[in-house]
Each structure stands twice: as structure tokens, then as C-alpha cells.
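Data first, discussion second: the structure below is written as C-alpha cells.
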Amino acid sequence: MTYRTTFAALMAATALPVAAAAQEHDHGQHATPAPAPAKTDHQHHGEPEEAAKPNAQIASGTALLPAAEGGQHGGLHATTGDWMLMAHGYAWGAVTSQGGPRGDDMAFVQTMGMVTASRPLGGSARIELRGMFSLDPLMGKRGYPNLFAAGETANGRPLVDRQHPHDLFMELAARVEVDVADGATAFLYGGPVGEPALGPPAFMHRRSARYQTMSPIAHHWFDSTHITYGVVTAGVRTRALQLEGSVFKGREPDEERWGFDPIKLDSWSLRATLTPSPNWTMQVSHGRLESPEALHGDEDEARTTASIHYARGGLSATLAWSAKNRIPGDVLSAWVAEANWDIDARHSIFGRAELVRNDELFPEHSHPLHDQPFRVARFEGGYAYRIPLGDKVSLALGGSVAAYAKPDALDPYYGNSPVSGTAFAKLTLGD
């Protein structure tokens with residue numbers, strides 16, 4: 001398996017929905033009309049309607065996605081006095097059969113709920129309080145099977161070919177923003193649990209991953225900091241550009257998912273995000289993380305990421321790259337390409353392709369392949385059918401199939417051609 005061949009397959013995995021959506025756009029025949037322009041963050045917090053609409057919307061932490069993605073965080077809204085309240089979330093039941101000798105079968109439920117409260121602070125400032133929670137710890141410390149995933153621990157043992165559950169507390173943070181000039185806003189974000197300015201928006205907040213039940217096997221290259229126990233971020237944002245920096249805790253959450261980890265501010269990151277139009281966002285970021293992984297407790301990490309996100313009509317797509325440089329240690333890179341195409345109000349197709357250089361597949365020190373890096377690719381595609389259950393609630397039924405490409409040296413452990421399948425039912429409050 002050559003790098004060039006694998007990368008070509010990586011890009012091809014998302015070509016079908018992109019090409020199909022582009023063809024429909026060229027003929028002016030969108031089955032799902034483009035969403036109305038999203039309200040700006042300023043309007044959500046009480047700024048007058050005539051304020052210029054930004055080109056992006058906040059996705060997770062302070063990360064941005066194209067404004068054309070529309071109601072990614074739509075849900076129940078209410079007002080009390082000067083406060084605007086919002087709640088949204090999902091419960092996602094799944095059954096997966098991960099192939100090959102190291103695969104496993106499991107039925108599990110993923111959940112996420114988010115509540116926000118926001119209000120103006122005078123004529124040019126706003127505050128937003130955020131809480132995000134998950135009952136994923138109910139599935140057990142070992143999470144769910146996910147072939148070629150690695151990272152974190154359960155019962156003191158490394159998790160390999162498994163995806164760990166999220167913590168009960170995914171975010172407890174606040175954001176204050178102040179208009180400092182015409183078209184420019186300064187902001188301060190932080191709290192005991194939050195997400196620093198590092199990497200693209202977390203995968204569960206990307207519309208391109210709307211029906212991807214399984215987390216990316218590249219999660220620990222891109223998203224592993226999306227739950228951080230201690231974070232402060234400061235930045236400035238215009239319609240087309242956001243510059244920000246964070247101090248935060250570098251260590252990933254421990255395996256005790258129900259409580260709080262000790263809070264520290266021992267790491268840092270910088271991120272620049274360009275939003276040239278409501279259809280595009282592009283970010284580049286770099287961070288220095290202190291001892292992020294329990295399996296490599298004596299190693300720090302320098303992580304660099306870049307990503308491009310596109311949204312138009314019913315199509316959302318992401319292409320992202322990351323390199324984590326263990327200090328001391330190897331530089332391990334990863335690519336992710338994913339897309340979701342809402343063909344119409346009922347039908348969606350989606351795909352994800354990943355290419356990861358992973359050295360954690362054999363954590364036992366006595367194993368002959370211990371600490372050896374292997375370049376592994378995963379290709380997954382699927383379909384979802386939506387059933388509206390009310391103005392704000394929908395049920396999606398669907399499934400996906402995944403295949404893999406790997407070095408021959410892994411065949412005795414993973415089989416020659418493992419194939420995995422997953423079926424799901426996703427109940428969503430909001431869009």
C-alpha cells in the first residue's frame with residue numbers, strides 16, 4: 001500500500017456526494033433549498049438585526065464552521081428577562097460489528113446534551129454560559145469497539161481497537177465578547193471544562209460527520225483536546241478572520257468519566273481561522289501539550305493541524321491534516337476527509353476516509369511490534385433516512401460499512417481484509 005495510492009482513495013471516498021451535489025447545484029435543482037442566512041452570534045446575543053452577518057458560526061469551543069451550515073445548533077429556545085435560553089442534543093443507539101480477529105460486536109448508546117444562556121451586557125458586549133453533558137459513561141470504561149482506534153485507558157490498561165466514552169461534563173464554560181471597533185469583536189472564553197483553540201471543530205459538531213456513528217480513528221490527532229479540564233482563550237474576530245490563543249491542561253481526561261479531573265493551565269495553543277465567505281472556513285493551529293497521553297506520560301507533544309470546511313445547500317465537507325510530534329519521539333501524521341449530503345428532507349448519504357500513522361496498536365512492551373508505527377487507512381460510507389417527529393425533533397435510521405487498508409505485517413492480527421458494519425437510530429433535538 002503506497003502513500004500515493006492511499007491518499008487517492010482517501011479523496012475518492014468523499015467524491016461521490018460532492019460531485020452529485022455540485023451537479024444538482026449547476027442545474028439549479030436542489031431538493032433541499034439552501035438554508036436562510038443564519039443569525040449572527042451578535043444577533044443571538046441581542047445585537048440589532050441590521051448588524052452585518054458573519055461568514056461563520058461557532059461550532060465547539062471557539063472553533064468556527066461555515067455559516068451556510070445553518071441550524072447546526074438549533075433546538076428549543078426560550079427567553080426570561082434579558083436571557084435567551086437554548087437546549088439541543090441527541091441520543092444515538094447503535095449496533096456495530098467490527099471485523100477481523102481483533103474486532104468485536106456491541107450495542108451501545110451515545111448521548112450529548114447542550115444548554116446555553118446568553119444576554120447582552122450593555123450596548124456593545126454579550127455573555128454566554130454553556131453546559132454540555134453526556135451519559136456515555138454508562139456504556140462502561142472501555143467504550144465501544146472501533147477497529148484501529150487507540151488512545152486513553154480503561155481499568156489501567158490501554159484502549160486499542162476501542163473508542164473511549166466521553167466524560168459526563170463535556171463543557172462548563174463562559175464566553176464574553178465586546179465590540180472593539182466597527183466589524184471587530186474581542187472575546188474571552190474559558191472555564192473548568194472546555195476546548196482550547198487547537199484543531200478543527202470537534203467531530204460531533206461537524207455537519208460533515210452528522211451521521212458518522214463511529215468516532216474517527218484519528219480522534220487523538222484532531223479532537224482529543226475537545227474536553228479539557230481548565231482552559232482560557234482570548235481572541236479577536238472580524239467577519240473574515242479570527243485570531244486566538246489558549247492556555248489549557250494538556251493531559252487528556254482520565255478514565256473516571258463521572259467526575260472532574262484536576263484543573264491545570266500547563267499548555268498553550270494558537271489558531272488562525274479564515275472565513276472568506278459563508279461557504280468556507282479554513283483554520284491552521286499549533287499547540288504545545290504537556291504530557292497529553294497516559295501511555296506516553298514522559299513525553300510532551302507539539303501538535304500542528306490544518307483544515308478546510310465547505311457547506312452549500314445540503315452538502316457539508318471537511319478535509320483535515322494533523323501532525324503530532326512527540327517530544328522526544330516520532331512525528332505521527334493523520335488525514336481525514338468526510339462529507340455529508342442531505343439529498344432532500346428525508347435522505348442523506350455520507351462518507352469518511354482516514355489515513356493515520358499509529359504506533360499504539362501493540363501497547364504490550366513484550367510484543368515484537370510494540371511502538372512500531374503503521375500507516376492505516378479506513379474508508380466508511382453510509383445512508384440515513386430522517387423521520388420528522390415534530391418541529392424540533394427528528395429520528396434518523398441508517399447504517400454504514402467500513403473497509404480498511406493496512407500493511408501486510410498486520411494481517412496475522414487483523415486479518416487480510418476486515419470489514420465492519422454499523423446500524424443506528426439517532427434521535428435529535430434540533431437540526
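Just so we're on the same page: first chain in the C-alpha cells is A, next is B, and so on; residues restart at 1 for each chain, and ligands are numbered from 1 in the order they show up.
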
Item to check | strand (DSSP E) residues, from DSSP on the backbone, in region 47-218 of chain A, as a ChimeraX atom specification | outcome: /A:56-58,64-66,76-80,83-97,105-120,125-133,144-154,157-163,169-181,184-193

Next on the checklist: I need the residues of region 124-340 of chain A that end up classed as alpha helix (DSSP H) by DSSP on the backbone, written out as an NGL selection string.
Outcome noted: :A and (219-222)

Store the residues picked out above, limited to N, CA, C and O atoms, as a JSON list (two decimals), in the first residue's frame.
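In the end it all went to part_24.json:
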```json
[["chain", "number", "residue", "atom", "x", "y", "z"],
["A", 219, "HIS", "N", -9.03, 10.46, 15.98],
["A", 219, "HIS", "CA", -9.54, 11.33, 17.06],
["A", 219, "HIS", "C", -8.42, 11.96, 17.87],
["A", 219, "HIS", "O", -8.48, 13.14, 18.20],
["A", 220, "HIS", "N", -7.38, 11.22, 18.19],
["A", 220, "HIS", "CA", -6.32, 11.73, 19.06],
["A", 220, "HIS", "C", -5.28, 12.55, 18.29],
["A", 220, "HIS", "O", -4.29, 12.99, 18.89],
["A", 221, "TRP", "N", -5.50, 12.78, 17.03],
["A", 221, "TRP", "CA", -4.71, 13.75, 16.27],
["A", 221, "TRP", "C", -5.44, 15.09, 16.16],
["A", 221, "TRP", "O", -4.80, 16.12, 16.05],
["A", 222, "PHE", "N", -6.77, 15.07, 16.19],
["A", 222, "PHE", "CA", -7.55, 16.26, 15.93],
["A", 222, "PHE", "C", -8.40, 16.72, 17.12],
["A", 222, "PHE", "O", -8.46, 17.90, 17.42]]
```

Checklist entry - Which neighbours of region 173-184 of chain A fall inside 9 Å, counting only C-alpha atoms, when residues of the same chain fewer than 2 positions from it are skipped, and could you give them as a ChimeraX atom specification? => result /A:51-52,61-62,121,124-131,171,186-194,231,236-239

Output N, CA and C atoms of each residue in that selection to a file, as a PDB file, in the first residue's frame.
```
ATOM      1  N   ALA A  51     -27.049  44.418  11.970  1.00  0.00           N
ATOM      2  CA  ALA A  51     -25.619  44.119  12.038  1.00  0.00           C
ATOM      3  C   ALA A  51     -25.243  43.168  10.906  1.00  0.00           C
ATOM      4  N   ALA A  52     -24.035  43.339  10.349  1.00  0.00           N
ATOM      5  CA  ALA A  52     -23.584  42.508   9.236  1.00  0.00           C
ATOM      6  C   ALA A  52     -23.480  41.053   9.681  1.00  0.00           C
ATOM      7  N   GLY A  61     -16.333  24.919  21.404  1.00  0.00           N
ATOM      8  CA  GLY A  61     -15.354  25.826  21.985  1.00  0.00           C
ATOM      9  C   GLY A  61     -15.463  27.178  21.319  1.00  0.00           C
ATOM     10  N   THR A  62     -14.366  27.617  20.696  1.00  0.00           N
ATOM     11  CA  THR A  62     -14.377  28.847  19.904  1.00  0.00           C
ATOM     12  C   THR A  62     -14.132  28.554  18.425  1.00  0.00           C
ATOM     13  N   LEU A 121     -24.706  42.644  27.575  1.00  0.00           N
ATOM     14  CA  LEU A 121     -24.113  43.386  28.690  1.00  0.00           C
ATOM     15  C   LEU A 121     -23.911  44.820  28.205  1.00  0.00           C
ATOM     16  N   SER A 124     -22.729  47.025  23.718  1.00  0.00           N
ATOM     17  CA  SER A 124     -21.676  46.512  22.838  1.00  0.00           C
ATOM     18  C   SER A 124     -21.005  45.262  23.385  1.00  0.00           C
ATOM     19  N   ALA A 125     -21.589  44.607  24.371  1.00  0.00           N
ATOM     20  CA  ALA A 125     -20.979  43.410  24.948  1.00  0.00           C
ATOM     21  C   ALA A 125     -22.051  42.359  25.193  1.00  0.00           C
ATOM     22  N   ARG A 126     -21.631  41.099  25.242  1.00  0.00           N
ATOM     23  CA  ARG A 126     -22.538  39.979  25.442  1.00  0.00           C
ATOM     24  C   ARG A 126     -21.854  38.914  26.277  1.00  0.00           C
ATOM     25  N   ILE A 127     -22.647  38.088  26.943  1.00  0.00           N
ATOM     26  CA  ILE A 127     -22.123  36.963  27.694  1.00  0.00           C
ATOM     27  C   ILE A 127     -22.938  35.723  27.352  1.00  0.00           C
ATOM     28  N   GLU A 128     -22.266  34.595  27.286  1.00  0.00           N
ATOM     29  CA  GLU A 128     -22.929  33.314  27.064  1.00  0.00           C
ATOM     30  C   GLU A 128     -22.369  32.294  28.045  1.00  0.00           C
ATOM     31  N   LEU A 129     -23.271  31.587  28.722  1.00  0.00           N
ATOM     32  CA  LEU A 129     -22.905  30.498  29.630  1.00  0.00           C
ATOM     33  C   LEU A 129     -23.244  29.180  28.950  1.00  0.00           C
ATOM     34  N   ARG A 130     -22.332  28.208  29.022  1.00  0.00           N
ATOM     35  CA  ARG A 130     -22.519  26.951  28.298  1.00  0.00           C
ATOM     36  C   ARG A 130     -22.347  25.753  29.220  1.00  0.00           C
ATOM     37  N   GLY A 131     -23.204  24.775  29.014  1.00  0.00           N
ATOM     38  CA  GLY A 131     -23.036  23.482  29.654  1.00  0.00           C
ATOM     39  C   GLY A 131     -23.297  22.381  28.638  1.00  0.00           C
ATOM     40  N   GLU A 171     -18.502  20.237  28.747  1.00  0.00           N
ATOM     41  CA  GLU A 171     -18.193  21.662  28.723  1.00  0.00           C
ATOM     42  C   GLU A 171     -18.928  22.356  29.854  1.00  0.00           C
ATOM     43  N   ALA A 186     -13.689  41.477  20.269  1.00  0.00           N
ATOM     44  CA  ALA A 186     -12.742  40.741  21.119  1.00  0.00           C
ATOM     45  C   ALA A 186     -13.543  39.826  22.032  1.00  0.00           C
ATOM     46  N   PHE A 187     -12.984  38.658  22.332  1.00  0.00           N
ATOM     47  CA  PHE A 187     -13.706  37.705  23.167  1.00  0.00           C
ATOM     48  C   PHE A 187     -12.764  37.015  24.144  1.00  0.00           C
ATOM     49  N   LEU A 188     -13.366  36.564  25.245  1.00  0.00           N
ATOM     50  CA  LEU A 188     -12.665  35.781  26.258  1.00  0.00           C
ATOM     51  C   LEU A 188     -13.550  34.590  26.583  1.00  0.00           C
ATOM     52  N   TYR A 189     -12.977  33.393  26.476  1.00  0.00           N
ATOM     53  CA  TYR A 189     -13.707  32.144  26.695  1.00  0.00           C
ATOM     54  C   TYR A 189     -12.924  31.303  27.690  1.00  0.00           C
ATOM     55  N   GLY A 190     -13.642  30.586  28.563  1.00  0.00           N
ATOM     56  CA  GLY A 190     -12.933  29.692  29.464  1.00  0.00           C
ATOM     57  C   GLY A 190     -13.839  29.109  30.518  1.00  0.00           C
ATOM     58  N   GLY A 191     -13.252  28.201  31.292  1.00  0.00           N
ATOM     59  CA  GLY A 191     -13.998  27.554  32.356  1.00  0.00           C
ATOM     60  C   GLY A 191     -13.283  26.309  32.842  1.00  0.00           C
ATOM     61  N   PRO A 192     -13.883  25.607  33.803  1.00  0.00           N
ATOM     62  CA  PRO A 192     -13.263  24.393  34.328  1.00  0.00           C
ATOM     63  C   PRO A 192     -13.242  23.248  33.328  1.00  0.00           C
ATOM     64  N   VAL A 193     -14.182  23.233  32.361  1.00  0.00           N
ATOM     65  CA  VAL A 193     -14.183  22.219  31.303  1.00  0.00           C
ATOM     66  C   VAL A 193     -14.486  22.932  29.996  1.00  0.00           C
ATOM     67  N   GLY A 194     -13.632  22.774  29.018  1.00  0.00           N
ATOM     68  CA  GLY A 194     -13.851  23.439  27.743  1.00  0.00           C
ATOM     69  C   GLY A 194     -12.924  22.921  26.679  1.00  0.00           C
ATOM     70  N   VAL A 231      -9.272  25.743  30.836  1.00  0.00           N
ATOM     71  CA  VAL A 231      -8.950  26.404  29.582  1.00  0.00           C
ATOM     72  C   VAL A 231      -9.322  27.878  29.676  1.00  0.00           C
ATOM     73  N   VAL A 236      -9.676  37.749  18.850  1.00  0.00           N
ATOM     74  CA  VAL A 236     -10.377  38.827  18.166  1.00  0.00           C
ATOM     75  C   VAL A 236     -10.930  38.251  16.874  1.00  0.00           C
ATOM     76  N   ARG A 237     -12.127  38.727  16.513  1.00  0.00           N
ATOM     77  CA  ARG A 237     -12.813  38.167  15.363  1.00  0.00           C
ATOM     78  C   ARG A 237     -13.399  39.279  14.516  1.00  0.00           C
ATOM     79  N   THR A 238     -13.192  39.181  13.204  1.00  0.00           N
ATOM     80  CA  THR A 238     -13.882  40.014  12.233  1.00  0.00           C
ATOM     81  C   THR A 238     -14.761  39.105  11.375  1.00  0.00           C
ATOM     82  N   ARG A 239     -15.401  39.696  10.382  1.00  0.00           N
ATOM     83  CA  ARG A 239     -16.275  38.866   9.554  1.00  0.00           C
ATOM     84  C   ARG A 239     -15.502  37.764   8.843  1.00  0.00           C
TER      85      ARG A 239
END
```

Restrict the calculation to only C-alpha atoms, then for each residue of region 172-245 of chain A with any atom at most 8 Å from an atom of region 260-272 of chain A give the closest atom pair and their distance in Å to one decimal, rows by chain and rising residue number, as a Markdown table.
```
| residue | atom | partner | partner_atom | distance |
| --- | --- | --- | --- | --- |
| A:Pro192 | CA | A:Ile263 | CA | 6.7 |
| A:Pro196 | CA | A:Ser269 | CA | 7.3 |
| A:Ala197 | CA | A:Arg271 | CA | 5.7 |
| A:Leu198 | CA | A:Ser269 | CA | 6.1 |
| A:Gly199 | CA | A:Arg271 | CA | 7.8 |
| A:Tyr229 | CA | A:Ile263 | CA | 5.1 |
| A:Gly230 | CA | A:Ile263 | CA | 5.0 |
| A:Val231 | CA | A:Leu265 | CA | 6.8 |
| A:Leu241 | CA | A:Ala272 | CA | 7.4 |
| A:Gln242 | CA | A:Ala272 | CA | 5.8 |
| A:Leu243 | CA | A:Ala272 | CA | 4.7 |
| A:Glu244 | CA | A:Arg271 | CA | 5.5 |
| A:Gly245 | CA | A:Leu270 | CA | 4.4 |
```

I'd like a table as CSV: residues in region 350-413 of chain A with an atom no more than 8 Å from region 155-167 of chain A, each row giving the shortest atom pair and its distance in Å to one decimal, only C-alpha atoms counted, sorted by chain and rising residue number.
```
residue,atom,partner,partner_atom,distance
A:Glu360,CA,A:Val160,CA,7.4
A:Leu361,CA,A:Val160,CA,6.1
A:Phe362,CA,A:Val160,CA,7.9
A:Pro363,CA,A:Pro158,CA,6.8
```

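The environment of Pro292 (chain A) within 8 Å, counting only C-alpha atoms and disregarding residues fewer than 2 places along the same chain, consists of Gly250, Arg251, Glu252, Leu289, Glu290, Ala294, His296, Gly297, Glu299, Asp300 and Glu301 of chain A.
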
Could you turn the residues from that selection into a file that holds N, CA and C atoms, as a CSV table (one decimal), in the first residue's frame?
```csv
chain,number,residue,atom,x,y,z
A,250,GLY,N,-3.0,20.1,29.3
A,250,GLY,CA,-2.6,19.2,28.1
A,250,GLY,C,-3.0,17.8,28.3
A,251,ARG,N,-3.1,17.3,29.5
A,251,ARG,CA,-3.4,15.9,29.7
A,251,ARG,C,-4.8,15.6,29.4
A,252,GLU,N,-5.0,14.5,28.6
A,252,GLU,CA,-6.4,14.1,28.2
A,252,GLU,C,-7.2,13.6,29.5
A,289,LEU,N,1.6,20.7,24.1
A,289,LEU,CA,0.8,20.0,25.1
A,289,LEU,C,1.8,19.3,26.1
A,290,GLU,N,1.5,19.5,27.4
A,290,GLU,CA,2.3,18.8,28.4
A,290,GLU,C,1.8,17.5,28.7
A,294,ALA,N,-1.6,9.3,28.8
A,294,ALA,CA,-1.2,8.5,29.9
A,294,ALA,C,-0.2,7.4,29.4
A,296,HIS,N,2.1,7.7,27.3
A,296,HIS,CA,3.3,8.3,27.0
A,296,HIS,C,3.5,9.4,28.0
A,297,GLY,N,3.5,9.1,29.3
A,297,GLY,CA,3.5,10.1,30.3
A,297,GLY,C,4.7,11.0,30.4
A,299,GLU,N,6.4,12.1,27.8
A,299,GLU,CA,6.5,12.8,26.5
A,299,GLU,C,5.5,13.9,26.4
A,300,ASP,N,6.0,15.1,26.0
A,300,ASP,CA,5.2,16.2,25.6
A,300,ASP,C,4.8,16.1,24.1
A,301,GLU,N,4.0,17.0,23.6
A,301,GLU,CA,3.6,16.9,22.2
A,301,GLU,C,3.5,18.3,21.6
```

Next on the checklist: Report, in Å with one decimal, the straight-line distance from CA of Ala240 (chain A) to CA of Thr318 (chain A).
Outcome noted: 18.6 Å

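Distance annotation: of A:Thr428, A:Thr422, A:Asn325, A:Asn279, the residue with the minimal separation from Ala87 (chain A) is A:Thr428; atom set is only C-alpha atoms.
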
Next on the checklist: Residues near Asn55 (chain A), anyone? I mean within 6 Å using only C-alpha atoms, not counting same-chain ones fewer than 5 positions away, as JSON, numbers by chain.
Outcome noted: {"A": [67, 239, 275, 277, 278]}

Checklist entry - Which is closest to Gly122 (chain A) among A:Ala302, A:Leu135, A:Phe203, A:Asp82, if we use only C-alpha atoms? => result A:Asp82

Residue contacts of Asp104 (chain A) (9 Å, only C-alpha atoms) excluding same-chain residues fewer than 3 positions away, as a PDB file with all heavy atoms, in the first residue's frame:
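Writing done, so here's part-v2.pdb:
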```
ATOM      1  N   THR A  96     -22.879  -2.320  16.344  1.00  0.00           N
ATOM      2  CA  THR A  96     -21.744  -2.417  15.439  1.00  0.00           C
ATOM      3  C   THR A  96     -21.123  -3.799  15.498  1.00  0.00           C
ATOM      4  O   THR A  96     -21.117  -4.447  16.553  1.00  0.00           O
ATOM      5  CB  THR A  96     -20.684  -1.347  15.762  1.00  0.00           C
ATOM      6  OG1 THR A  96     -19.696  -1.328  14.720  1.00  0.00           O
ATOM      7  CG2 THR A  96     -19.996  -1.609  17.090  1.00  0.00           C
ATOM      8  N   SER A  97     -20.617  -4.241  14.362  1.00  0.00           N
ATOM      9  CA  SER A  97     -19.845  -5.470  14.260  1.00  0.00           C
ATOM     10  C   SER A  97     -18.525  -5.112  13.594  1.00  0.00           C
ATOM     11  O   SER A  97     -18.482  -4.859  12.381  1.00  0.00           O
ATOM     12  CB  SER A  97     -20.600  -6.523  13.449  1.00  0.00           C
ATOM     13  OG  SER A  97     -19.814  -7.713  13.319  1.00  0.00           O
ATOM     14  N   GLN A  98     -17.481  -5.029  14.387  1.00  0.00           N
ATOM     15  CA  GLN A  98     -16.160  -4.673  13.880  1.00  0.00           C
ATOM     16  C   GLN A  98     -15.433  -5.943  13.459  1.00  0.00           C
ATOM     17  O   GLN A  98     -15.305  -6.886  14.226  1.00  0.00           O
ATOM     18  CB  GLN A  98     -15.376  -3.921  14.950  1.00  0.00           C
ATOM     19  CG  GLN A  98     -16.028  -2.614  15.379  1.00  0.00           C
ATOM     20  CD  GLN A  98     -15.934  -1.535  14.314  1.00  0.00           C
ATOM     21  OE1 GLN A  98     -14.871  -1.025  14.006  1.00  0.00           O
ATOM     22  NE2 GLN A  98     -17.088  -1.186  13.732  1.00  0.00           N
ATOM     23  N   GLY A  99     -14.951  -5.968  12.217  1.00  0.00           N
ATOM     24  CA  GLY A  99     -14.479  -7.200  11.610  1.00  0.00           C
ATOM     25  C   GLY A  99     -13.081  -7.610  12.034  1.00  0.00           C
ATOM     26  O   GLY A  99     -12.363  -6.888  12.724  1.00  0.00           O
ATOM     27  N   GLY A 100     -12.694  -8.817  11.587  1.00  0.00           N
ATOM     28  CA  GLY A 100     -11.361  -9.334  11.815  1.00  0.00           C
ATOM     29  C   GLY A 100     -11.172  -9.913  13.197  1.00  0.00           C
ATOM     30  O   GLY A 100     -12.022  -9.775  14.088  1.00  0.00           O
ATOM     31  N   PRO A 101     -10.027 -10.549  13.435  1.00  0.00           N
ATOM     32  CA  PRO A 101      -9.763 -11.199  14.730  1.00  0.00           C
ATOM     33  C   PRO A 101      -9.770 -10.254  15.917  1.00  0.00           C
ATOM     34  O   PRO A 101     -10.095 -10.658  17.030  1.00  0.00           O
ATOM     35  CB  PRO A 101      -8.376 -11.826  14.525  1.00  0.00           C
ATOM     36  CG  PRO A 101      -8.217 -11.971  13.048  1.00  0.00           C
ATOM     37  CD  PRO A 101      -8.963 -10.827  12.450  1.00  0.00           C
ATOM     38  N   TYR A 144     -16.807   1.666  23.205  1.00  0.00           N
ATOM     39  CA  TYR A 144     -17.325   0.756  22.185  1.00  0.00           C
ATOM     40  C   TYR A 144     -16.212   0.348  21.220  1.00  0.00           C
ATOM     41  O   TYR A 144     -15.203   1.037  21.066  1.00  0.00           O
ATOM     42  CB  TYR A 144     -18.494   1.398  21.429  1.00  0.00           C
ATOM     43  CG  TYR A 144     -18.184   2.684  20.704  1.00  0.00           C
ATOM     44  CD1 TYR A 144     -17.616   2.694  19.433  1.00  0.00           C
ATOM     45  CD2 TYR A 144     -18.492   3.922  21.284  1.00  0.00           C
ATOM     46  CE1 TYR A 144     -17.352   3.865  18.766  1.00  0.00           C
ATOM     47  CE2 TYR A 144     -18.239   5.109  20.621  1.00  0.00           C
ATOM     48  CZ  TYR A 144     -17.673   5.077  19.359  1.00  0.00           C
ATOM     49  OH  TYR A 144     -17.408   6.251  18.695  1.00  0.00           O
ATOM     50  N   PRO A 145     -16.376  -0.813  20.542  1.00  0.00           N
ATOM     51  CA  PRO A 145     -15.333  -1.279  19.621  1.00  0.00           C
ATOM     52  C   PRO A 145     -15.228  -0.392  18.392  1.00  0.00           C
ATOM     53  O   PRO A 145     -16.237   0.036  17.820  1.00  0.00           O
ATOM     54  CB  PRO A 145     -15.794  -2.699  19.251  1.00  0.00           C
ATOM     55  CG  PRO A 145     -17.241  -2.741  19.565  1.00  0.00           C
ATOM     56  CD  PRO A 145     -17.467  -1.777  20.686  1.00  0.00           C
ATOM     57  N   ASN A 146     -14.005  -0.092  17.979  1.00  0.00           N
ATOM     58  CA  ASN A 146     -13.734   0.764  16.829  1.00  0.00           C
ATOM     59  C   ASN A 146     -12.363   0.364  16.294  1.00  0.00           C
ATOM     60  O   ASN A 146     -11.329   0.760  16.834  1.00  0.00           O
ATOM     61  CB  ASN A 146     -13.763   2.234  17.247  1.00  0.00           C
ATOM     62  CG  ASN A 146     -13.766   3.170  16.064  1.00  0.00           C
ATOM     63  OD1 ASN A 146     -13.919   2.752  14.918  1.00  0.00           O
ATOM     64  ND2 ASN A 146     -13.602   4.452  16.327  1.00  0.00           N
ATOM     65  N   LEU A 147     -12.354  -0.463  15.255  1.00  0.00           N
ATOM     66  CA  LEU A 147     -11.128  -1.076  14.768  1.00  0.00           C
ATOM     67  C   LEU A 147     -10.090  -0.033  14.372  1.00  0.00           C
ATOM     68  O   LEU A 147     -10.405   0.930  13.662  1.00  0.00           O
ATOM     69  CB  LEU A 147     -11.465  -1.969  13.576  1.00  0.00           C
ATOM     70  CG  LEU A 147     -10.554  -3.174  13.318  1.00  0.00           C
ATOM     71  CD1 LEU A 147     -10.589  -4.126  14.502  1.00  0.00           C
ATOM     72  CD2 LEU A 147     -10.988  -3.904  12.042  1.00  0.00           C
ATOM     73  N   ASP A 161      -8.284  -0.548  19.565  1.00  0.00           N
ATOM     74  CA  ASP A 161      -9.450  -1.011  18.810  1.00  0.00           C
ATOM     75  C   ASP A 161     -10.745  -0.719  19.570  1.00  0.00           C
ATOM     76  O   ASP A 161     -11.746  -1.413  19.400  1.00  0.00           O
ATOM     77  CB  ASP A 161      -9.343  -2.505  18.480  1.00  0.00           C
ATOM     78  CG  ASP A 161      -8.091  -2.835  17.689  1.00  0.00           C
ATOM     79  OD1 ASP A 161      -7.833  -2.136  16.694  1.00  0.00           O
ATOM     80  OD2 ASP A 161      -7.360  -3.771  18.069  1.00  0.00           O
TER      81      ASP A 161
END
```
